[in-house]
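Accompanying notes for the structure given below.
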Amino acid sequence: MTDTQVRRAVTAERAELAELLAGLDAEGWDSPTLCAGWRVREVVAHITMPYRLSSARLAVGMVAAFGNFNRLADRTARMDAATLSTSDLLKSLWDNVDHPWRPPGGGLSNALSHDVIHGLDITVALGLDRLVPEDRMRLVLDTIDPRTVKLFGAKLGGIELRADDLDFSYGSGTVLSGRAQDLLLVLCGRKLPAGHLTGEPAERFTARD
């Protein structure tokens, strides 16, 4: 895809997520997601954080977090989720569907990955059967490599992830199957609700009730 096409994919992904969030009630916004300790509102606060976080606030936050970006991201998401209303969070997403933000050191495909993964953190946890369009999913899967898997802390030794809805596999060993978007979440260290994965290793990557 050209940069223009990827930018359109990013915009479409954000707009579709915003439309979905607009239909949630208060209980939905306070529901847990696949991100441990984060409700829907914290995940949306995190997705929109780059649009609100100034360079000065980032620098101060990194100092307070002793240089740990994950700690900064968690603190910021919790603080913004507590101080911003759902309307504020939704507006922040709508107002920035075409924002040019890219992750530090990453490109447009990485920005798309960020939105797709966190969107799935919400929809899968809520039991909403939203299927990420194949062209976007292939772009995101192309960003996955051993360094990425290590960064997310996924333990996949001796396992082959094999999608049953498109041509994608990762690793070698005992087969773990599912839709590509579910396997993407496994690659990102998430545990999924029951019924999303099949194969002998499925229980390892399934959340307990």
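In the structure tokens, chains take the letters A, B, ... in the order shown, each chain's residues start at 1, and ligands count up from 1 in the order shown.
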
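Selecting strand (DSSP E) from the backbone DSSP output for stretch 2-208 of chain A yields Ile159, Glu160, Leu161, Arg162, Ala163, Ser169, Tyr170, Gly171, Thr174, Val175, Leu176, Ser177, Gly178, Leu197 and Thr198 of chain A.
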
Contacts of A:Ile47 at 8 Å (only C-alpha atoms; same-chain gap of 4+ positions) as a count of residues only: 4

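Closest approach to A:Asp3 among A:Ser109, A:Ser31, A:Thr123, A:Asn70 is made by A:Ser109 (distances from only C-alpha atoms).
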
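Considering the residues A:Ala9, A:Ile159, A:Ala77, A:Leu21 and counting only C-alpha atoms, A:Gly37 has its shortest atom-to-atom contact with A:Ala77.
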
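Contact shell of A:Trp38 at 10 Å (only C-alpha atoms; same-chain neighbours under 6 positions omitted): A:Asp30, A:Ser31, A:Pro32, A:Val44, A:Ala45, A:His46, A:Asp74, A:Ala77, A:Arg78, A:Ala81, A:Asp121, A:Ile122.
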
Selected residues, C-alpha atoms, written as a tab-separated table (two decimals), in the first residue's frame, please.
chain	number	residue	atom	x	y	z
A	30	ASP	CA	-16.72	0.93	32.58
A	31	SER	CA	-16.37	-2.68	31.36
A	32	PRO	CA	-12.98	-4.42	31.58
A	44	VAL	CA	-9.66	5.02	24.82
A	45	ALA	CA	-7.69	7.48	26.96
A	46	HIS	CA	-4.53	5.62	25.93
A	74	ASP	CA	-0.53	3.54	32.53
A	77	ALA	CA	-4.45	6.58	30.93
A	78	ARG	CA	-5.76	6.24	34.47
A	81	ALA	CA	-9.90	8.35	32.28
A	121	ASP	CA	-8.84	-5.10	23.29
A	122	ILE	CA	-12.22	-3.43	23.58

Skipping near chain neighbours, those fewer than 2 positions away, what residues fall within 12 Å of A:Leu20 using only C-alpha atoms, listed as a PyMOL selection string? chain A and resi 13-18+22-25+28-29+40+44+90+93-94+119-120+122-123+126+128-130

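Computed from the coordinates, the atom CA of A:Arg204 to atom CA of A:Gly189 distance equals 11.1 Å.
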
Closest atom pairs, residues of stretch 32-109 of chain A within 10 Å of stretch 135-153 of chain A, only C-alpha atoms, as JSON lines:
{"residue": "A:Gly106", "atom": "CA", "partner": "A:Thr143", "partner_atom": "CA", "distance": 9.7}
{"residue": "A:Gly107", "atom": "CA", "partner": "A:Thr143", "partner_atom": "CA", "distance": 9.8}
{"residue": "A:Leu108", "atom": "CA", "partner": "A:Leu139", "partner_atom": "CA", "distance": 9.9}
{"residue": "A:Ser109", "atom": "CA", "partner": "A:Leu139", "partner_atom": "CA", "distance": 6.4}

At a cut-off of 9 Å, using only C-alpha atoms, what residues contact A:Gly171? Leave out same-chain residues fewer than 3 positions from it and give the result as a PyMOL selection string. chain A and resi 156-162

Among stretch 39-181 of chain A, which ones does DSSP place in alpha helix (DSSP H), written as number ranges by chain? A: 40-52, 55-64, 69-83, 86-94, 108-126, 134-141, 146-152, 180-181

Which residues, written as a ChimeraX atom specification, have at least one atom at most 12 Å from A:Arg52, with only C-alpha atoms counted and residues fewer than 6 positions away on the same chain left out? /A:45-46,58,76-77,80,84,88-89,91-93,95-96,99,101
